[in-house]
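Data block for query11.txt (compact mmCIF, C-alpha atoms and all ligand atoms):
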# COMPACT_ATOMS: atom_id res chain seq x y z
CA MET A 1 83.53 -0.06 94.82
CA SER A 2 86.97 1.48 94.88
CA THR A 3 89.50 1.39 92.07
CA PRO A 4 93.24 1.73 92.45
CA HIS A 5 93.75 5.32 91.38
CA ASP A 6 94.78 8.67 92.77
CA PRO A 7 91.89 9.86 94.99
CA SER A 8 92.62 13.47 94.07
CA LEU A 9 91.06 12.81 90.67
CA ASP A 10 87.77 11.61 92.15
CA ALA A 11 85.75 14.80 92.51
CA TYR A 12 85.80 15.95 88.91
CA TRP A 13 83.07 14.15 86.91
CA MET A 14 84.51 14.56 83.46
CA PRO A 15 82.25 15.36 80.49
CA PHE A 16 81.96 12.94 77.56
CA THR A 17 84.76 10.86 79.09
CA ALA A 18 85.31 7.27 80.09
CA ASN A 19 85.94 8.46 83.66
CA ARG A 20 87.12 5.16 85.13
CA GLN A 21 89.54 4.44 82.29
CA PHE A 22 90.86 8.00 82.40
CA LYS A 23 91.41 8.05 86.14
CA GLN A 24 93.37 4.82 85.99
CA ARG A 25 95.68 6.22 83.30
CA PRO A 26 95.20 10.02 83.27
CA ARG A 27 96.15 12.09 80.26
CA LEU A 28 96.89 15.47 81.81
CA LEU A 29 97.71 18.49 79.67
CA THR A 30 99.45 21.35 81.43
CA GLN A 31 100.75 23.73 78.75
CA ALA A 32 100.07 24.65 75.15
CA SER A 33 101.83 26.70 72.52
CA GLY A 34 101.41 26.84 68.75
CA MET A 35 100.78 23.33 67.40
CA HIS A 36 101.63 21.53 70.64
CA TYR A 37 100.45 20.58 74.08
CA ARG A 38 102.73 19.55 76.89
CA THR A 39 101.73 16.86 79.40
CA ASP A 40 102.30 16.79 83.16
CA ASP A 41 105.16 14.35 82.57
CA GLY A 42 106.83 16.74 80.14
CA ARG A 43 105.93 15.12 76.84
CA GLU A 44 105.19 17.23 73.76
CA ILE A 45 101.92 16.33 71.99
CA LEU A 46 101.13 17.43 68.43
CA ASP A 47 97.58 18.77 68.43
CA GLY A 48 95.75 17.01 65.61
CA VAL A 49 92.31 18.28 66.60
CA ALA A 50 92.76 21.98 67.46
CA GLY A 51 91.88 21.16 71.06
CA LEU A 52 88.29 20.24 70.28
CA TRP A 53 87.89 21.77 66.82
CA CYS A 54 88.34 25.24 68.32
CA VAL A 55 91.94 26.44 68.53
CA ASN A 56 92.11 27.29 64.84
CA ALA A 57 95.02 29.75 65.10
CA GLY A 58 97.07 27.47 67.33
CA HIS A 59 97.69 27.82 71.05
CA ALA A 60 98.68 30.77 73.20
CA ARG A 61 98.84 33.30 70.39
CA PRO A 62 100.41 36.42 71.94
CA ARG A 63 97.95 38.93 70.49
CA ILE A 64 94.98 37.02 71.92
CA VAL A 65 96.64 36.36 75.27
CA GLN A 66 97.48 40.06 75.65
CA ALA A 67 93.99 41.17 74.63
CA ILE A 68 92.40 38.98 77.30
CA ALA A 69 94.82 40.15 79.99
CA ARG A 70 94.32 43.81 79.04
CA GLN A 71 90.55 43.50 79.03
CA ALA A 72 90.46 41.75 82.42
CA GLY A 73 92.24 44.74 83.93
CA GLU A 74 90.24 47.37 82.03
CA MET A 75 86.70 46.06 82.53
CA ASP A 76 86.03 42.55 83.77
CA TYR A 77 82.30 42.36 83.17
CA ALA A 78 79.45 44.45 81.81
CA PRO A 79 75.77 43.49 81.91
CA PRO A 80 74.43 42.75 78.44
CA PHE A 81 70.74 43.44 79.19
CA GLN A 82 69.77 47.09 78.58
CA MET A 83 73.50 47.99 78.67
CA GLY A 84 76.36 47.55 76.24
CA HIS A 85 80.11 47.95 75.86
CA PRO A 86 81.96 49.10 72.74
CA LYS A 87 83.79 45.86 71.99
CA ALA A 88 80.51 43.93 71.71
CA PHE A 89 79.35 46.20 68.89
CA GLU A 90 82.77 46.26 67.26
CA PHE A 91 83.03 42.48 67.35
CA ALA A 92 79.52 41.95 65.95
CA ASP A 93 80.29 44.39 63.16
CA ARG A 94 83.61 42.71 62.33
CA LEU A 95 81.97 39.27 62.29
CA SER A 96 79.17 40.49 60.02
CA GLN A 97 81.79 41.40 57.43
CA LEU A 98 82.95 37.77 57.25
CA THR A 99 79.58 36.05 57.04
CA PRO A 100 77.73 35.19 53.82
CA ALA A 101 75.75 38.09 52.36
CA GLY A 102 72.71 39.07 54.39
CA LEU A 103 73.65 37.24 57.60
CA ASN A 104 74.62 40.48 59.26
CA ARG A 105 72.87 40.41 62.64
CA VAL A 106 74.71 38.75 65.51
CA PHE A 107 73.31 37.33 68.78
CA PHE A 108 76.03 36.36 71.27
CA THR A 109 75.97 33.22 73.43
CA ASN A 110 78.63 31.29 75.39
CA SER A 111 78.83 27.95 73.63
CA GLY A 112 77.74 25.98 70.62
CA SER A 113 74.91 24.39 72.59
CA GLU A 114 73.57 27.81 73.56
CA SER A 115 73.88 29.00 69.98
CA VAL A 116 71.72 26.10 68.85
CA GLU A 117 69.03 26.78 71.48
CA THR A 118 69.10 30.45 70.50
CA ALA A 119 68.74 29.73 66.79
CA LEU A 120 65.84 27.32 67.35
CA LYS A 121 64.08 29.88 69.54
CA ILE A 122 64.61 32.68 67.03
CA ALA A 123 63.23 30.44 64.28
CA LEU A 124 60.06 29.66 66.27
CA ALA A 125 59.62 33.26 67.37
CA TRP A 126 60.12 34.56 63.84
CA GLN A 127 57.52 32.27 62.33
CA ARG A 128 55.09 33.52 64.95
CA ALA A 129 56.10 37.16 64.49
CA ARG A 130 55.39 36.95 60.78
CA GLY A 131 51.97 35.46 61.36
CA GLN A 132 52.88 31.80 60.81
CA GLY A 133 52.42 30.65 64.39
CA THR A 134 51.37 27.14 63.38
CA ARG A 135 54.94 26.49 62.29
CA THR A 136 56.22 24.97 65.52
CA ARG A 137 57.92 21.83 64.27
CA LEU A 138 61.71 21.56 64.18
CA ILE A 139 63.51 19.16 61.86
CA GLY A 140 66.99 17.78 62.45
CA ARG A 141 68.94 14.99 60.80
CA GLU A 142 69.94 11.52 61.90
CA ARG A 143 73.50 11.49 63.26
CA GLY A 144 73.41 15.26 63.73
CA TYR A 145 75.16 16.84 66.72
CA HIS A 146 73.87 20.14 68.00
CA GLY A 147 75.25 20.26 71.50
CA VAL A 148 73.79 18.86 74.66
CA ASN A 149 70.89 21.05 75.74
CA PHE A 150 67.32 19.90 75.30
CA GLY A 151 66.66 21.59 71.98
CA GLY A 152 69.99 20.42 70.61
CA ILE A 153 69.60 16.80 71.64
CA SER A 154 66.03 16.79 70.33
CA VAL A 155 67.01 17.88 66.83
CA GLY A 156 70.28 15.97 67.16
CA GLY A 157 70.46 12.43 65.89
CA ILE A 158 73.09 10.59 67.91
CA VAL A 159 71.31 7.96 69.95
CA GLY A 160 73.75 7.92 72.87
CA ASN A 161 73.14 11.63 73.44
CA ARG A 162 69.34 11.17 73.45
CA LYS A 163 68.28 7.86 74.91
CA MET A 164 68.88 8.62 78.60
CA PHE A 165 66.99 11.88 78.69
CA GLY A 166 63.29 11.21 78.44
CA THR A 167 60.94 12.47 75.81
CA LEU A 168 62.94 15.54 74.75
CA LEU A 169 61.19 18.34 72.84
CA GLY A 170 57.87 17.46 71.23
CA GLY A 171 57.16 18.08 67.59
CA VAL A 172 60.62 17.21 66.28
CA ASP A 173 61.39 14.98 63.32
CA HIS A 174 64.54 13.97 61.45
CA ILE A 175 65.62 13.56 57.86
CA ARG A 176 67.96 10.74 56.89
CA HIS A 177 71.69 11.02 57.35
CA THR A 178 73.94 11.09 54.30
CA HIS A 179 76.43 8.35 55.16
CA ASP A 180 76.62 5.85 52.31
CA LEU A 181 79.69 3.63 52.40
CA GLU A 182 78.45 1.46 49.57
CA ARG A 183 78.41 4.26 47.03
CA ASN A 184 80.80 6.82 48.49
CA ALA A 185 83.61 5.08 50.42
CA PHE A 186 87.03 6.73 49.94
CA SER A 187 85.64 9.84 48.23
CA ARG A 188 88.05 12.76 48.11
CA GLY A 189 86.16 15.88 49.17
CA GLN A 190 82.44 15.86 48.50
CA PRO A 191 81.02 12.42 47.63
CA ALA A 192 79.36 12.11 44.23
CA HIS A 193 76.23 10.28 45.38
CA GLY A 194 73.41 11.36 47.64
CA ALA A 195 72.01 14.75 46.61
CA GLU A 196 68.62 13.06 46.45
CA LEU A 197 68.78 12.31 50.20
CA ALA A 198 67.72 15.94 50.70
CA ASP A 199 64.35 14.94 49.24
CA ASP A 200 63.68 13.22 52.55
CA LEU A 201 62.59 16.68 53.68
CA GLU A 202 59.79 16.51 51.09
CA ARG A 203 58.68 13.28 52.75
CA LEU A 204 58.39 15.06 56.10
CA VAL A 205 56.57 17.96 54.47
CA ALA A 206 54.11 15.46 52.99
CA LEU A 207 53.70 13.82 56.40
CA HIS A 208 53.39 16.91 58.62
CA ASP A 209 52.50 19.68 56.12
CA ALA A 210 54.77 22.68 55.61
CA SER A 211 52.42 24.86 57.65
CA THR A 212 53.61 23.03 60.79
CA ILE A 213 57.36 23.26 60.13
CA ALA A 214 59.43 26.19 61.39
CA ALA A 215 63.00 25.22 60.57
CA VAL A 216 65.50 22.58 59.54
CA ILE A 217 68.90 22.43 61.21
CA VAL A 218 71.92 20.56 59.82
CA GLU A 219 75.67 20.68 60.14
CA PRO A 220 77.08 21.40 56.66
CA VAL A 221 79.79 18.85 57.55
CA ALA A 222 78.62 16.54 60.33
CA GLY A 223 81.64 16.53 62.63
CA SER A 224 80.98 14.88 65.97
CA THR A 225 79.28 11.85 64.46
CA GLY A 226 82.50 11.13 62.58
CA VAL A 227 83.08 13.54 59.70
CA LEU A 228 80.31 13.12 57.14
CA ILE A 229 80.88 15.34 54.11
CA PRO A 230 77.77 16.56 52.28
CA PRO A 231 77.25 14.88 48.89
CA GLN A 232 77.58 17.15 45.87
CA GLY A 233 74.38 19.14 45.38
CA TYR A 234 72.82 17.98 48.66
CA LEU A 235 72.89 21.27 50.58
CA GLN A 236 71.59 23.25 47.60
CA ARG A 237 68.70 20.81 47.28
CA LEU A 238 67.90 21.24 50.96
CA ARG A 239 67.98 25.01 50.47
CA ASP A 240 65.58 24.77 47.49
CA ILE A 241 63.09 22.62 49.38
CA CYS A 242 63.15 24.99 52.37
CA ASP A 243 62.52 27.94 50.05
CA ARG A 244 59.65 26.17 48.35
CA HIS A 245 57.91 25.60 51.68
CA GLY A 246 58.73 28.69 53.76
CA ILE A 247 60.97 26.67 56.10
CA LEU A 248 64.01 28.33 57.66
CA LEU A 249 67.36 26.66 57.02
CA ILE A 250 69.83 26.72 59.92
CA PHE A 251 73.45 25.70 59.40
CA ASP A 252 75.20 24.63 62.57
CA GLU A 253 78.73 25.82 61.83
CA VAL A 254 80.12 25.34 65.33
CA ILE A 255 83.00 23.26 63.96
CA THR A 256 83.00 24.30 60.31
CA GLY A 257 83.08 28.03 61.10
CA PHE A 258 86.26 30.09 61.02
CA GLY A 259 88.23 28.52 58.24
CA ARG A 260 87.91 24.80 58.83
CA THR A 261 86.71 23.96 55.31
CA GLY A 262 88.84 26.48 53.38
CA GLN A 263 86.56 29.53 53.49
CA PRO A 264 85.54 31.50 56.58
CA PHE A 265 82.31 29.44 56.72
CA ALA A 266 81.20 26.18 55.12
CA ALA A 267 78.23 28.05 53.66
CA GLN A 268 80.78 29.83 51.46
CA THR A 269 82.76 26.68 50.70
CA PHE A 270 79.59 24.95 49.48
CA GLY A 271 77.95 28.06 48.01
CA VAL A 272 74.71 27.67 49.96
CA THR A 273 73.45 30.42 52.27
CA PRO A 274 71.31 29.49 55.27
CA ASP A 275 68.89 31.81 57.07
CA LEU A 276 70.58 31.42 60.42
CA MET A 277 74.00 30.12 61.31
CA THR A 278 75.29 28.94 64.67
CA VAL A 279 78.96 29.30 65.59
CA ALA A 280 81.23 28.99 68.67
CA LYS A 281 84.68 27.44 69.20
CA GLY A 282 86.91 29.24 66.65
CA ILE A 283 85.10 32.52 67.28
CA THR A 284 87.59 33.19 70.11
CA ASN A 285 90.15 30.58 69.09
CA GLY A 286 88.81 28.55 72.00
CA CYS A 287 90.42 30.92 74.52
CA VAL A 288 87.27 32.25 76.19
CA PRO A 289 83.92 30.46 75.93
CA MET A 290 81.71 32.17 73.37
CA GLY A 291 79.19 31.42 70.67
CA ALA A 292 77.00 33.39 68.31
CA VAL A 293 74.04 33.12 66.00
CA PHE A 294 74.22 34.96 62.68
CA VAL A 295 70.79 35.97 61.49
CA LYS A 296 69.55 37.31 58.17
CA GLN A 297 68.74 40.97 58.51
CA GLU A 298 65.14 40.58 57.37
CA ILE A 299 64.54 37.97 60.07
CA HIS A 300 65.97 40.32 62.68
CA ASP A 301 63.99 43.25 61.30
CA THR A 302 60.68 41.39 61.66
CA PHE A 303 61.15 41.66 65.43
CA MET A 304 61.87 45.38 65.34
CA ASN A 305 58.34 46.66 65.58
CA GLY A 306 55.93 47.61 68.36
CA PRO A 307 56.66 50.24 71.03
CA GLU A 308 60.37 51.10 71.02
CA HIS A 309 60.82 50.87 74.79
CA LEU A 310 59.84 47.18 74.82
CA ILE A 311 62.24 44.23 74.63
CA GLU A 312 61.89 42.60 71.22
CA LEU A 313 63.24 39.13 72.03
CA PHE A 314 62.97 37.62 75.50
CA HIS A 315 66.20 35.70 75.36
CA GLY A 316 69.83 36.18 76.40
CA TYR A 317 72.54 35.09 78.80
CA THR A 318 74.29 36.80 81.71
CA TYR A 319 77.52 36.32 79.80
CA SER A 320 76.31 37.20 76.28
CA ALA A 321 79.03 39.37 74.71
CA HIS A 322 81.27 39.00 77.76
CA PRO A 323 84.04 41.63 77.56
CA LEU A 324 86.83 39.03 77.82
CA ALA A 325 85.25 36.99 75.03
CA CYS A 326 84.82 40.04 72.79
CA ALA A 327 88.41 41.12 73.40
CA ALA A 328 89.62 37.60 72.65
CA GLY A 329 87.39 37.43 69.58
CA LEU A 330 88.64 40.70 68.12
CA ALA A 331 92.26 39.63 68.60
CA THR A 332 91.40 36.25 67.09
CA LEU A 333 89.96 37.88 63.96
CA ASP A 334 93.12 40.03 63.70
CA THR A 335 95.29 36.92 63.95
CA TYR A 336 93.20 35.06 61.37
CA ALA A 337 93.42 38.05 58.99
CA GLU A 338 97.15 38.71 59.43
CA GLU A 339 98.05 35.09 58.72
CA GLY A 340 95.40 34.36 56.10
CA LEU A 341 94.14 31.49 58.24
CA LEU A 342 90.50 31.56 57.19
CA THR A 343 91.44 30.33 53.72
CA ARG A 344 94.62 28.43 54.55
CA ALA A 345 92.79 25.09 54.68
CA SER A 346 92.04 25.45 50.97
CA GLU A 347 95.80 25.65 50.26
CA LEU A 348 96.62 22.64 52.42
CA GLN A 349 93.65 20.41 51.70
CA ASP A 350 95.17 18.51 48.78
CA TYR A 351 98.31 17.73 50.74
CA PHE A 352 96.24 16.68 53.74
CA ALA A 353 93.95 14.58 51.52
CA ASP A 354 96.95 12.81 49.92
CA GLY A 355 98.20 11.85 53.37
CA LEU A 356 94.82 10.72 54.62
CA HIS A 357 93.98 8.66 51.55
CA SER A 358 97.39 6.95 51.72
CA LEU A 359 95.91 5.13 54.74
CA ARG A 360 93.53 3.28 52.46
CA GLY A 361 94.38 -0.40 52.39
CA LEU A 362 95.57 -0.56 56.00
CA PRO A 363 93.89 -3.21 58.13
CA HIS A 364 90.23 -2.51 58.97
CA VAL A 365 90.14 0.90 57.24
CA ILE A 366 86.75 0.95 55.50
CA ASP A 367 86.58 4.64 54.58
CA VAL A 368 88.62 7.84 54.46
CA ARG A 369 86.89 11.21 54.19
CA ASN A 370 88.19 14.76 53.92
CA ILE A 371 87.30 18.38 53.30
CA GLY A 372 89.51 21.39 54.06
CA LEU A 373 91.47 20.54 57.18
CA VAL A 374 89.02 17.92 58.42
CA GLY A 375 89.75 14.24 58.04
CA GLY A 376 87.93 11.08 59.06
CA VAL A 377 89.12 7.48 58.98
CA GLU A 378 86.45 4.86 59.59
CA LEU A 379 87.36 1.42 60.90
CA ALA A 380 85.44 -1.81 60.89
CA PRO A 381 84.39 -2.58 64.47
CA GLY A 382 86.65 -5.11 66.17
CA PRO A 383 85.76 -8.29 68.05
CA GLU A 384 85.64 -6.35 71.33
CA GLY A 385 82.64 -4.37 70.07
CA PRO A 386 81.98 -0.97 68.50
CA GLY A 387 84.42 1.82 69.32
CA ARG A 388 87.12 -0.24 71.02
CA ARG A 389 89.49 -0.52 68.08
CA ALA A 390 89.36 3.21 67.32
CA PHE A 391 89.80 4.03 71.01
CA ASN A 392 92.94 1.89 71.06
CA VAL A 393 94.23 3.83 68.05
CA PHE A 394 93.56 7.10 69.88
CA LEU A 395 95.47 5.87 72.95
CA ASP A 396 98.36 4.62 70.81
CA CYS A 397 98.62 7.96 68.98
CA PHE A 398 98.68 9.78 72.30
CA GLU A 399 101.48 7.52 73.53
CA GLN A 400 103.33 8.41 70.34
CA GLY A 401 102.83 12.13 71.01
CA VAL A 402 99.89 12.97 68.73
CA MET A 403 96.33 13.87 69.71
CA VAL A 404 93.45 12.71 67.51
CA ARG A 405 89.78 12.11 68.39
CA THR A 406 87.47 9.18 68.06
CA THR A 407 83.71 8.77 67.87
CA GLY A 408 82.58 5.20 67.67
CA ASP A 409 84.76 3.53 65.06
CA ILE A 410 85.81 6.77 63.39
CA ILE A 411 89.03 8.66 63.96
CA ALA A 412 88.68 12.40 63.36
CA MET A 413 91.36 14.99 62.71
CA SER A 414 90.98 18.76 62.57
CA PRO A 415 94.38 20.33 63.23
CA PRO A 416 94.96 24.03 63.89
CA LEU A 417 94.98 25.93 60.60
CA ILE A 418 98.62 26.95 61.19
CA ILE A 419 99.77 23.36 60.68
CA GLU A 420 102.85 22.89 58.47
CA ARG A 421 103.30 20.14 55.90
CA ALA A 422 105.90 18.32 58.01
CA GLN A 423 103.41 18.26 60.89
CA ILE A 424 100.74 16.82 58.59
CA ASP A 425 103.27 14.10 57.74
CA ARG A 426 103.84 13.42 61.42
CA LEU A 427 100.09 13.21 62.09
CA ILE A 428 99.54 10.76 59.24
CA GLU A 429 102.60 8.60 59.98
CA THR A 430 101.69 8.32 63.65
CA LEU A 431 98.19 7.26 62.72
CA ARG A 432 99.58 4.77 60.19
CA THR A 433 101.71 3.14 62.88
CA ALA A 434 98.79 2.97 65.29
CA LEU A 435 96.45 1.54 62.64
CA LYS A 436 98.95 -1.18 61.80
CA ARG A 437 99.33 -2.05 65.47
CA ALA A 438 95.56 -2.09 66.04
CA ALA A 439 95.12 -4.85 63.52
C1 LIG B 1 77.94 21.15 65.24
C2 LIG B 1 78.02 21.40 66.71
N1 LIG B 1 77.04 22.07 67.31
C3 LIG B 1 77.07 22.34 68.63
C4 LIG B 1 78.12 21.93 69.40
C5 LIG B 1 78.11 22.21 70.87
O1 LIG B 1 79.06 23.13 71.23
P1 LIG B 1 79.46 23.31 72.77
O2 LIG B 1 80.16 22.08 73.18
O3 LIG B 1 80.32 24.55 72.75
O4 LIG B 1 78.19 23.54 73.53
C6 LIG B 1 79.19 21.24 68.82
C7 LIG B 1 80.33 20.80 69.62
O5 LIG B 1 81.18 20.06 69.18
C8 LIG B 1 79.13 20.95 67.44
O6 LIG B 1 80.10 20.25 66.83

What would the structure in this file look like if it were written as structure tokens?
Amino acid sequence: MSTPHDPSLDAYWMPFTANRQFKQRPRLLTQASGMHYRTDDGREILDGVAGLWCVNAGHARPRIVQAIARQAGEMDYAPPFQMGHPKAFEFADRLSQLTPAGLNRVFFTNSGSESVETALKIALAWQRARGQGTRTRLIGRERGYHGVNFGGISVGGIVGNRKMFGTLLGGVDHIRHTHDLERNAFSRGQPAHGAELADDLERLVALHDASTIAAVIVEPVAGSTGVLIPPQGYLQRLRDICDRHGILLIFDEVITGFGRTGQPFAAQTFGVTPDLMTVAKGITNGCVPMGAVFVKQEIHDTFMNGPEHLIELFHGYTYSAHPLACAAGLATLDTYAEEGLLTRASELQDYFADGLHSLRGLPHVIDVRNIGLVGGVELAPGPEGPGRRAFNVFLDCFEQGVMVRTTGDIIAMSPPLIIERAQIDRLIETLRTALKRAA
């Protein structure tokens, strides 16, 4: 069946996109600078989502652009297996100074999804290396998003990402999600109720026995499912249960990493330290694909035995620690440091929260959630079915020159950390107009 659209758009099968809708009314971005995109028809779009939660320092930052260009000319590629290049070591060392205490070993990947697979594999391999080889079970959480590879969708908990793809990984279970509109709707920051939901892990321990469980993975703030903020005390309780049972705790900080919640990492914002942490996105300000897993030194050290000429971990990617990514990452860390961006969200969060919560009372708004520079507005589903109303709001905002994101009936915002107050106002007022019109 053919549809009346430009055939030149046909070949590209777009990811996580309503392809037919898009190709009938394309939204093409051609330039970006600072807080703004520019479209192919010359319109300026305020970036309310940092691209896709990744361009934390804003677009086309000169230091980063120059570092990438310089590196491409100096050395385009270096193999990461049995070889190294100085910037890889420098970048890992610089990153290890930002992470929570003890998480000072860095394994490089090329995306959040790869970071998740890497962390799950390290967790399994570590349990085996320390003589606990029966611990093969991985635990995720309902509504979790951990990328799109098989490990990630297995521990993930978003049904649309799972149902088409067969039986997934065996030996995976999930704890309950923390969303509780009845008790927590319109909470500012961390909701008061729900710490006890962490006890669901005790239920799984009782069911499977701790001796079968390797690790638990959660997003400290669940982003892709629609901005679920952890209830007060919840993450600490999860940490305590993991400690009690010898289970590794993995925080997936792919979106919360690099300043999103007001500290460099959400682990620091919430005062809970995991054993492994996955990151990507803001690690290079989104400019070159890269991810990483931060690992506690003692976990890393467990692998460092046996004959010294042997490979300790049979895992890695052709593009692990790619020179362009390392150059971009180092320049990104310089930019973050010079402009105080990794803590700027803590200065702006009250202002942002005031704006967001002023949307309460608009038609169909059933919840508003916020932490740092992350905001979520949940709508009641409309008569046309789940997701449609929020999608209309997204399209309306884009027409008005502002980019937000939607998942299901939730509108998410995560602007670059360089955002100014007047731009927060613009973001909120545009959304207000669209919400009124979506009634
Ligand atoms: C928490 C989390 N983990 C993993 C990923 C996957 O990252 P990527 O798309 O770079 O593979 C994402 C992406 O949004 C994410 O939010």

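The nearest approach to A:Gly291 among the residues A:Ala325, A:Met304, A:Ala72, A:Leu330, with all atoms listed in the file taken into account, belongs to A:Ala325.
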
message: Let me see if you get this right: every residue at most 6 Å from ligand LIG 1 (chain B), counting all atoms listed in the file, written as JSON, numbers by chain.
response: {"A": [111, 112, 113, 145, 146, 147, 219, 223, 224, 252, 253, 254, 255]}

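The residue set within 7 Å of A:Ile229, counting all atoms listed in the file and dropping same-chain residues fewer than 5 places from it, reads A:Gln190, A:Val221, A:Ala222.
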
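Put simply, atom CA of A:Pro191 is 18.5 Å away from atom CA of A:Met413.
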
message: Which residues are close to A:Leu359, i.e. within 9 Å by all atoms listed in the file, leaving aside same-chain residues fewer than 6 positions away? Reply as a list in words.
response: Val365, Val368, Val377, Ile428, Leu431, Arg432 and Leu435 of chain A

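When all atoms listed in the file are used to measure the gap to A:Ala439, the shortest distance among A:Asn104, A:Ser154, A:Asn392, A:Thr278 belongs to A:Asn392.
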